[in-house]
Structures are given as structure tokens and as C-alpha cells.
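Chemist: Contents are CSV, C-alpha atoms; file name work-v5.csv:
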```
chain,number,residue,atom,x,y,z
A,1,MET,CA,-165.3,-52.9,45.3
A,2,CYS,CA,-167.0,-51.6,48.4
A,3,LYS,CA,-170.3,-52.6,47.0
A,4,ARG,CA,-169.1,-56.1,46.3
A,5,LEU,CA,-167.7,-56.4,49.9
A,6,GLY,CA,-171.1,-55.2,51.2
A,7,MET,CA,-172.9,-57.8,49.2
A,8,ALA,CA,-170.5,-60.4,50.3
A,9,VAL,CA,-171.2,-59.7,54.0
A,10,VAL,CA,-175.0,-59.8,53.3
A,11,THR,CA,-174.6,-63.1,51.5
A,12,ILE,CA,-172.7,-64.7,54.4
A,13,TRP,CA,-175.3,-63.4,56.8
A,14,ILE,CA,-178.1,-65.0,54.7
A,15,VAL,CA,-176.3,-68.3,54.5
A,16,ALA,CA,-175.6,-68.4,58.2
A,17,THR,CA,-179.2,-67.4,59.1
A,18,LEU,CA,-180.8,-70.0,56.8
A,19,THR,CA,-178.4,-72.7,58.0
A,20,PHE,CA,-179.1,-71.9,61.7
A,21,PHE,CA,-182.9,-72.1,61.4
A,22,LEU,CA,-183.1,-75.0,59.0
A,23,MET,CA,-180.7,-76.9,61.2
A,24,ASN,CA,-182.9,-76.4,64.2
A,25,MET,CA,-186.0,-77.5,62.3
A,26,VAL,CA,-184.6,-81.0,61.7
A,27,PRO,CA,-185.9,-83.5,64.3
A,28,GLY,CA,-183.5,-84.7,66.9
A,29,GLY,CA,-180.7,-83.1,68.9
A,30,PRO,CA,-177.0,-83.4,69.7
A,31,PHE,CA,-177.5,-85.3,73.0
A,32,LEU,CA,-180.1,-87.8,72.0
A,33,SER,CA,-177.5,-90.3,71.0
A,34,GLU,CA,-175.8,-90.2,74.4
A,35,LYS,CA,-176.2,-93.4,76.4
A,36,ALA,CA,-178.3,-93.4,79.5
A,37,VAL,CA,-178.7,-89.6,79.7
A,38,SER,CA,-181.3,-88.7,82.4
A,39,PRO,CA,-183.7,-85.9,82.0
A,40,LYS,CA,-181.8,-83.8,84.5
A,41,ALA,CA,-178.5,-84.4,82.8
A,42,MET,CA,-180.1,-83.5,79.5
A,43,GLU,CA,-181.4,-80.2,81.0
A,44,ALA,CA,-177.9,-79.5,82.4
A,45,LEU,CA,-176.3,-80.1,79.0
A,46,GLU,CA,-178.8,-77.9,77.2
A,47,ALA,CA,-178.3,-75.2,79.8
A,48,LYS,CA,-174.5,-75.4,79.5
A,49,TYR,CA,-174.6,-74.8,75.7
A,50,GLY,CA,-177.5,-72.4,75.8
A,51,LEU,CA,-179.9,-74.7,74.0
A,52,ASP,CA,-182.6,-74.2,76.6
A,53,LYS,CA,-183.1,-70.6,75.5
A,54,PRO,CA,-185.7,-69.4,72.9
A,55,LEU,CA,-184.5,-70.1,69.4
A,56,PHE,CA,-184.3,-66.4,68.3
A,57,GLU,CA,-182.2,-65.6,71.4
A,58,GLN,CA,-179.9,-68.5,70.5
A,59,TYR,CA,-179.6,-67.0,67.1
A,60,LEU,CA,-178.7,-63.5,68.3
A,61,THR,CA,-176.1,-64.9,70.7
A,62,TYR,CA,-174.5,-67.1,68.1
A,63,MET,CA,-174.3,-64.3,65.5
A,64,GLY,CA,-172.9,-61.9,68.0
A,65,ASP,CA,-170.1,-64.4,69.0
A,66,ALA,CA,-169.5,-65.3,65.3
A,67,LEU,CA,-168.8,-61.6,64.5
A,68,HIS,CA,-165.9,-61.8,66.9
A,69,GLY,CA,-164.6,-65.1,65.4
A,70,ASP,CA,-166.0,-67.3,68.1
A,71,PHE,CA,-168.0,-70.2,66.7
A,72,GLY,CA,-168.4,-71.8,70.1
A,73,ASP,CA,-167.4,-75.3,71.4
A,74,SER,CA,-168.2,-78.5,69.7
A,75,LEU,CA,-171.2,-80.2,71.3
A,76,LYS,CA,-169.8,-83.7,70.7
A,77,GLN,CA,-166.1,-83.3,70.9
A,78,ARG,CA,-165.8,-82.1,74.4
A,79,GLY,CA,-163.0,-79.6,75.1
A,80,ARG,CA,-162.6,-78.6,71.5
A,81,THR,CA,-163.7,-75.4,69.9
A,82,VAL,CA,-165.1,-75.2,66.4
A,83,MET,CA,-162.2,-72.9,65.3
A,84,SER,CA,-159.6,-75.4,66.5
A,85,ILE,CA,-161.3,-78.1,64.5
A,86,ILE,CA,-161.4,-76.0,61.3
A,87,THR,CA,-157.7,-74.9,61.7
A,88,THR,CA,-156.7,-78.5,62.3
A,89,LYS,CA,-158.7,-80.2,59.5
A,90,PHE,CA,-158.7,-77.5,56.8
A,91,PRO,CA,-154.9,-77.7,55.9
A,92,VAL,CA,-155.3,-81.4,55.1
A,93,SER,CA,-158.3,-80.7,52.8
A,94,ALA,CA,-156.5,-77.6,51.3
A,95,ARG,CA,-153.5,-79.5,50.3
A,96,LEU,CA,-155.5,-82.3,48.7
A,97,GLY,CA,-157.9,-79.9,47.0
A,98,GLY,CA,-155.2,-77.6,45.8
A,99,PHE,CA,-153.3,-80.4,44.1
A,100,ALA,CA,-156.6,-81.6,42.5
A,101,VAL,CA,-157.5,-78.2,41.2
A,102,LEU,CA,-154.0,-77.7,39.8
A,103,ALA,CA,-154.0,-81.1,38.1
A,104,ALA,CA,-157.5,-80.4,36.7
A,105,PHE,CA,-156.4,-77.0,35.3
A,106,CYS,CA,-153.1,-78.2,33.9
A,107,VAL,CA,-154.7,-81.2,32.1
A,108,GLY,CA,-158.1,-79.8,31.2
A,109,VAL,CA,-156.9,-76.6,29.5
A,110,PRO,CA,-154.5,-78.2,27.1
A,111,LEU,CA,-157.0,-81.0,26.3
A,112,GLY,CA,-159.7,-78.4,25.6
A,113,CYS,CA,-157.4,-76.5,23.3
A,114,LEU,CA,-156.3,-79.6,21.4
A,115,SER,CA,-159.9,-80.7,21.0
A,116,ALA,CA,-160.9,-77.4,19.5
A,117,MET,CA,-157.8,-77.4,17.2
A,118,PHE,CA,-158.6,-80.8,15.8
A,119,ARG,CA,-162.4,-80.3,15.8
A,120,GLY,CA,-164.3,-83.2,14.2
A,121,LYS,CA,-161.2,-85.4,13.9
A,122,ILE,CA,-160.4,-88.6,15.8
A,123,GLY,CA,-158.4,-86.9,18.5
A,124,ASP,CA,-161.3,-84.5,19.2
A,125,ASN,CA,-163.8,-87.4,19.4
A,126,ILE,CA,-161.6,-89.3,21.9
A,127,ILE,CA,-161.2,-86.3,24.1
A,128,ILE,CA,-165.0,-85.6,24.0
A,129,VAL,CA,-165.7,-89.2,25.0
A,130,ILE,CA,-163.3,-89.1,27.9
A,131,ALA,CA,-164.6,-85.7,29.1
A,132,THR,CA,-168.2,-87.0,28.9
A,133,CYS,CA,-167.4,-90.0,31.0
A,134,GLY,CA,-165.6,-87.8,33.5
A,135,ILE,CA,-168.8,-85.7,33.9
A,136,ALA,CA,-171.2,-88.6,33.9
A,137,VAL,CA,-169.4,-91.0,36.2
A,138,PRO,CA,-170.1,-90.3,40.0
A,139,ASN,CA,-167.2,-89.5,42.2
A,140,PHE,CA,-167.6,-92.6,44.4
A,141,VAL,CA,-167.4,-94.9,41.4
A,142,VAL,CA,-164.1,-93.3,40.4
A,143,CYS,CA,-162.8,-93.8,43.9
A,144,THR,CA,-163.9,-97.4,44.0
A,145,LEU,CA,-162.3,-98.2,40.6
A,146,LEU,CA,-159.0,-96.6,41.6
A,147,MET,CA,-158.9,-98.3,45.0
A,148,TYR,CA,-159.8,-101.7,43.6
A,149,THR,CA,-157.4,-101.5,40.6
A,150,PHE,CA,-154.3,-99.8,41.9
A,151,GLY,CA,-154.7,-100.5,45.6
A,152,VAL,CA,-156.2,-104.0,45.9
A,153,ARG,CA,-155.5,-105.8,42.6
A,154,LEU,CA,-152.1,-104.3,41.6
A,155,GLY,CA,-151.0,-103.2,45.1
A,156,TRP,CA,-149.1,-100.2,43.7
A,157,LEU,CA,-150.7,-97.5,45.8
A,158,PRO,CA,-151.8,-97.2,49.5
A,159,THR,CA,-155.5,-96.8,50.0
A,160,LEU,CA,-155.9,-95.1,53.4
A,161,GLY,CA,-154.6,-91.8,54.8
A,162,LEU,CA,-152.1,-89.2,53.6
A,163,SER,CA,-148.8,-90.1,55.2
A,164,SER,CA,-146.7,-90.1,52.0
A,165,TRP,CA,-146.7,-88.7,48.5
A,166,LYS,CA,-148.1,-92.0,47.2
A,167,HIS,CA,-151.2,-91.6,49.3
A,168,TYR,CA,-152.1,-88.4,47.4
A,169,ILE,CA,-152.2,-90.0,44.0
A,170,MET,CA,-155.6,-91.7,44.1
A,171,PRO,CA,-157.5,-89.1,46.1
A,172,VAL,CA,-156.1,-86.3,43.9
A,173,THR,CA,-157.0,-88.2,40.8
A,174,ALA,CA,-160.5,-88.9,42.0
A,175,LEU,CA,-161.0,-85.3,43.0
A,176,ALA,CA,-159.6,-83.9,39.8
A,177,PHE,CA,-161.5,-86.3,37.5
A,178,TYR,CA,-164.8,-84.4,37.2
A,179,PRO,CA,-163.2,-80.8,37.2
A,180,THR,CA,-160.8,-81.9,34.4
A,181,ALA,CA,-163.6,-83.2,32.3
A,182,TYR,CA,-165.7,-80.1,32.9
A,183,ILE,CA,-162.8,-77.7,32.2
A,184,THR,CA,-162.0,-79.6,29.0
A,185,ARG,CA,-165.5,-79.2,27.6
A,186,LEU,CA,-165.7,-75.6,28.8
A,187,MET,CA,-162.3,-74.8,27.3
A,188,ARG,CA,-163.2,-76.5,24.0
A,189,SER,CA,-166.4,-74.6,23.7
A,190,SER,CA,-164.8,-71.2,24.5
A,191,MET,CA,-161.9,-71.9,22.2
A,192,LEU,CA,-164.1,-72.7,19.3
A,193,ASP,CA,-165.9,-69.4,19.8
A,194,VAL,CA,-162.7,-67.4,19.9
A,195,LEU,CA,-161.2,-69.2,16.9
A,196,GLY,CA,-164.2,-68.0,14.9
A,197,GLN,CA,-163.5,-64.4,15.7
A,198,ASP,CA,-162.3,-62.0,12.9
A,199,TYR,CA,-158.8,-61.4,14.4
A,200,MET,CA,-158.1,-65.1,14.5
A,201,ARG,CA,-159.2,-65.6,10.9
A,202,THR,CA,-156.9,-62.7,10.0
A,203,ALA,CA,-154.0,-64.3,11.9
A,204,ARG,CA,-154.5,-67.6,10.0
A,205,ALA,CA,-154.8,-65.7,6.7
A,206,LYS,CA,-151.4,-64.1,7.3
A,207,GLY,CA,-149.9,-67.6,7.7
A,208,LEU,CA,-149.3,-67.5,11.5
A,209,ASN,CA,-148.4,-70.9,12.9
A,210,GLN,CA,-151.5,-72.7,14.2
A,211,PHE,CA,-150.0,-73.5,17.6
A,212,VAL,CA,-148.7,-70.0,18.1
A,213,SER,CA,-152.1,-68.4,17.1
A,214,LEU,CA,-153.9,-70.8,19.5
A,215,PHE,CA,-151.8,-70.6,22.6
A,216,LYS,CA,-150.5,-67.0,22.2
A,217,HIS,CA,-153.5,-65.2,20.9
A,218,ALA,CA,-156.7,-67.3,21.4
A,219,LEU,CA,-155.9,-68.8,24.8
A,220,ARG,CA,-155.9,-65.6,26.7
A,221,ASN,CA,-159.5,-64.7,25.7
A,222,ALA,CA,-160.8,-68.3,25.7
A,223,ILE,CA,-159.6,-69.1,29.2
A,224,LEU,CA,-161.9,-66.5,31.0
A,225,PRO,CA,-164.9,-68.9,31.4
A,226,VAL,CA,-162.4,-71.4,33.0
A,227,ILE,CA,-161.2,-68.8,35.4
A,228,THR,CA,-164.8,-68.1,36.4
A,229,TYR,CA,-165.3,-71.8,37.1
A,230,LEU,CA,-162.1,-72.1,39.1
A,231,GLY,CA,-163.2,-69.7,41.8
A,232,PRO,CA,-166.1,-71.7,43.3
A,233,LEU,CA,-164.3,-75.0,42.3
A,234,LEU,CA,-161.3,-74.1,44.4
A,235,ALA,CA,-163.4,-73.0,47.4
A,236,TYR,CA,-165.4,-76.3,47.3
A,237,THR,CA,-162.5,-78.6,46.6
A,238,VAL,CA,-160.0,-77.2,49.2
A,239,THR,CA,-162.7,-77.3,51.9
A,240,GLY,CA,-162.9,-81.0,51.4
A,241,SER,CA,-164.7,-83.5,49.2
A,242,PHE,CA,-167.0,-85.4,51.5
A,243,ILE,CA,-167.1,-88.6,49.5
A,244,VAL,CA,-163.4,-88.8,48.6
A,245,GLU,CA,-162.2,-88.1,52.2
A,246,LYS,CA,-164.7,-90.7,53.6
A,247,ILE,CA,-163.6,-93.5,51.1
A,248,PHE,CA,-159.9,-92.9,51.6
A,249,THR,CA,-160.1,-92.2,55.3
A,250,ILE,CA,-158.6,-88.8,55.1
A,251,PRO,CA,-158.8,-86.7,58.2
A,252,GLY,CA,-160.0,-83.5,56.5
A,253,LEU,CA,-162.7,-80.9,56.9
A,254,GLY,CA,-165.1,-82.8,54.6
A,255,GLY,CA,-165.3,-85.8,56.8
A,256,GLU,CA,-165.6,-83.6,59.9
A,257,PHE,CA,-168.6,-81.8,58.3
A,258,ILE,CA,-170.3,-85.1,57.5
A,259,GLY,CA,-169.8,-86.3,61.0
A,260,SER,CA,-171.1,-83.1,62.5
A,261,ILE,CA,-174.4,-83.5,60.5
A,262,THR,CA,-174.8,-87.1,61.6
A,263,ASN,CA,-174.1,-86.3,65.2
A,264,ARG,CA,-176.2,-83.1,65.1
A,265,ASP,CA,-173.2,-81.1,66.2
A,266,TYR,CA,-174.8,-77.7,65.6
A,267,THR,CA,-171.8,-75.5,66.3
A,268,VAL,CA,-169.5,-77.4,63.9
A,269,ILE,CA,-172.2,-77.4,61.2
A,270,MET,CA,-172.6,-73.6,61.5
A,271,GLY,CA,-168.9,-72.9,61.7
A,272,THR,CA,-168.0,-75.0,58.7
A,273,THR,CA,-170.9,-73.6,56.6
A,274,ILE,CA,-169.9,-70.0,57.4
A,275,PHE,CA,-166.3,-70.9,56.7
A,276,LEU,CA,-167.2,-72.4,53.3
A,277,ALA,CA,-169.4,-69.4,52.3
A,278,THR,CA,-166.6,-67.0,53.2
A,279,LEU,CA,-164.1,-68.9,51.3
A,280,MET,CA,-166.4,-69.1,48.3
A,281,ILE,CA,-166.9,-65.3,48.3
A,282,LEU,CA,-163.2,-64.7,48.7
A,283,MET,CA,-162.4,-66.9,45.7
A,284,ASN,CA,-164.9,-64.9,43.6
A,285,VAL,CA,-163.1,-61.7,44.6
A,286,VAL,CA,-159.8,-63.3,43.6
A,287,VAL,CA,-161.3,-64.4,40.2
A,288,ASP,CA,-162.3,-60.7,39.6
A,289,ILE,CA,-158.7,-59.7,40.2
A,290,VAL,CA,-157.3,-62.4,37.9
A,291,TYR,CA,-159.8,-61.3,35.3
A,292,LYS,CA,-158.1,-57.9,35.3
A,293,ILE,CA,-154.7,-59.5,35.0
A,294,VAL,CA,-155.6,-61.8,32.1
A,295,ASP,CA,-157.7,-59.2,30.2
A,296,PRO,CA,-156.6,-55.5,30.9
A,297,ARG,CA,-159.7,-54.3,29.1
A,298,ILE,CA,-161.9,-55.4,32.1
A,299,LYS,CA,-162.4,-52.6,34.6
A,300,LEU,CA,-162.8,-53.3,38.3
A,301,LYS,CA,-165.4,-50.9,39.8
```
Could you show the structure in this file as C-alpha cells?
Modeler:
Amino acid sequence: MCKRLGMAVVTIWIVATLTFFLMNMVPGGPFLSEKAVSPKAMEALEAKYGLDKPLFEQYLTYMGDALHGDFGDSLKQRGRTVMSIITTKFPVSARLGGFAVLAAFCVGVPLGCLSAMFRGKIGDNIIIVIATCGIAVPNFVVCTLLMYTFGVRLGWLPTLGLSSWKHYIMPVTALAFYPTAYITRLMRSSMLDVLGQDYMRTARAKGLNQFVSLFKHALRNAILPVITYLGPLLAYTVTGSFIVEKIFTIPGLGGEFIGSITNRDYTVIMGTTIFLATLMILMNVVVDIVYKIVDPRIKLK
């Protein structure tokens, strides 16, 4: 475990370092979009935020502050720190993403199991077609279809914001569409592999009920690849889906990240990138622990 934590720290450092230098290689700057900024005012702004110093010195200063949890002030949102932006926006994205991952898991796993159980039959073919469409259709197309059908044409659901439970239905559905399809296909493949094992053939030969053998004995081993996928999926989804938040005007971290890139808000870009990398690594650690719970034969070293 200590080795994994050490590797996690190194990974975060590499991500932060690459992001810092690649970000500064992109032409432009955070204050070029300001109206009527004189050269002296530009110099004063760069001096205030330390952008007038050599790049490597900026890097050392930033990394030293980041180690203490200080990601600096936003260069575009005056008077706001990066940490305050993350703590304000992240809960919105976390709720939306959490519901989406839960929906994808609760729908994808049973569909994958049923598809494996009825392999080659019409039910299996229908599930495969739906899952393939879910993987092939881009996220923004799903958002557009949902918004036009249920928001504009039928008028059943609101299309902007997250002020009530109805506002969650379309964004959560759009966010969960691809993961549900992927989990379904992953679960089907894994389940077919487990169903071909000797102990499952023995269970069927003894006359054990098909549903009991599937959901009691096969599911526990077949679900491990899905748990592996859930770790990075959860980290990415709860941090905010950029496209979904933008289309449905959701004030989450995803939209904030897109805005920071557009505005060259270096400190927000760095802070959100480090936050996402840390969350991703933490989710992988959680996956390792869940592995041990699901399959006691796995040893954590």
C-alpha cells in the first residue's frame, strides 16, 4: 500500500508538471482579452500574479504553494481563490455525476447479465444493438435529442439548471447513456467467460436454478472488470462532464474548467487538473479495496 501511495504522489506530480509547462507553451495569456489594457497595466498585472518571473521559478513557487493546498487566486475571477471555486462547483458536478454512475451501474449490470443468459436470442440481440448505439452516439447528440424531444416538443422536462428533481432527469440520462452501454457490453463479455467455467457447468448439471446460479455464483466473479471501470468513470463523471454541463447550463466544475481554458486562467486550469488527477487516483485505491471485499482471494500488498 505504501508503494501505491508513493506512485500516486509521483503520478500527480508528473500530471501537474506536464500541465504547467504545456499550458505556458500555448500562445496567448490571461490578460490579452482585457479591454484597453496599457503596457504598464499589463506589467503590473503580471507582477501581481508572478507571471513576470522566469518560468521555472514560477513552477517552483506554484508547486511549493500547491503542497500546502494553496492553488492561488483566479486570474480572471478577481477576488476568488481556485480552492473556493472548486469547493463551490464540485458538489454540483458530484451530485449529477454520482446519480449518473449509479444509474449506469444499476441498469448496465442487469442488462449485461440478461444478455449473457439469453445469448444468441432476440433479447440478447436487442440489448447488443442498444448498447452499440450507446457507445457510438456522441454525448452532445444524446443531449440534443433529449432536450428537443422532452423539453421542447413535449414540454415534460425543464432544460436549464438544476433547481428541482426534474432538472436532473435529462442531464443524468445523457451522462449515464455511454457508461450504461459500456458496462452492459463489459458485463456480458465477462459473464459469458464465467458461465463457461467448470464450476458453473457443474452447478447447471446439478439442476441449480438458472437465475440463482447466475446472480448468486457467477455475478460475483463476473463483476470485477466492471468495478475496475467504475473507478476512473466515477472520478471523471463526478468532476463534471464538460459537454452536458455546457448544454444544460449547469454551474458545475466541468463548465468552469472549459471557461478557464478559454480565458487562459492558468491557476484554475492547474487547480482543477490536479484535483481531477488526485480524485482519479483515490478512486483507483477505493477500487482495490472493493476488489478485496468482492473477492476475498485477492490480497492487498
Chemist: What's the separation between CA of Ala100 (chain A) and CA of Thr237 (chain A), in Å to one decimal place?
Modeler: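 Taking CA of Ala100 (chain A) as the start and CA of Thr237 (chain A) as the end point, the length is 7.8 Å.
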Chemist: At what distance in Å, to one decimal, does CA of Pro91 (chain A) lie from CA of Tyr266 (chain A)?
Modeler: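 CA of Tyr266 (chain A) sits 22.1 Å away from CA of Pro91 (chain A).
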Chemist: Measuring atom to atom with all atoms listed in the file, identify which of A:Thr61, A:Asn125, A:Thr17, A:Thr249 is nearest to Arg188 (chain A).
Modeler: A:Asn125
Chemist: At most 12 Å is the cut-off: for each residue in region 86-181 of chain A with any atom that close to an atom of region 272-290 of chain A, write down the nearest atom pair and the distance in Å rounded to one decimal, counting all atoms listed in the file, chain first then increasing number, as JSON lines.
Modeler:
```
{"residue": "A:Ile86", "atom": "CA", "partner": "A:Thr272", "partner_atom": "CA", "distance": 7.2}
{"residue": "A:Thr87", "atom": "CA", "partner": "A:Phe275", "partner_atom": "CA", "distance": 10.7}
{"residue": "A:Lys89", "atom": "CA", "partner": "A:Thr272", "partner_atom": "CA", "distance": 10.7}
{"residue": "A:Phe90", "atom": "CA", "partner": "A:Thr272", "partner_atom": "CA", "distance": 9.8}
{"residue": "A:Ala94", "atom": "CA", "partner": "A:Leu279", "partner_atom": "CA", "distance": 11.6}
```
Chemist: How many Å separate CA of Gly108 (chain A) from CA of Asn221 (chain A)?
Modeler: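 These two atoms are separated by 16.1 Å.
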Chemist: I want to know what sits within 8 Å of Phe140 (chain A), based on all atoms listed in the file, with residues of the same chain fewer than 4 positions away left out; could you give that as a count of residues only?
Modeler: 4
Chemist: Just the residues within 9 Å of region 129-132 of chain A, please, counting only C-alpha atoms, with nothing from its chain fewer than 2 positions along; format it as a list in words.
Modeler: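 Residues meeting the cut-off are Asp124, Asn125, Ile126, Ile127, Gly134, Ile135, Ala136, Val137, Phe177, Tyr178, Thr180, Ala181, Tyr182, Ile183, Thr184 and Arg185 of chain A.
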Chemist: For a quick check of understanding, using only C-alpha atoms, which of A:Asn139, A:Ser115, A:Ser241, A:Thr19 has the smallest distance to Met187 (chain A)?
Modeler: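 When distances to Met187 (chain A) are compared using only C-alpha atoms, the smallest one comes from A:Ser115.
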Chemist: Excluding Val268 (chain A) and its own-chain neighbours fewer than 2 positions away, which residues fall within 10 Å of it when counting only C-alpha atoms? Please give them as a count of residues only.
Modeler: 25
Chemist: Using all atoms listed in the file, can you tell me which of A:Leu160, A:Ile14, A:Leu219, A:Met25 comes closest to Leu114 (chain A)?
Modeler: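 Of A:Leu160, A:Ile14, A:Leu219, A:Met25, the one nearest Leu114 (chain A) is A:Leu219, counting all atoms listed in the file.
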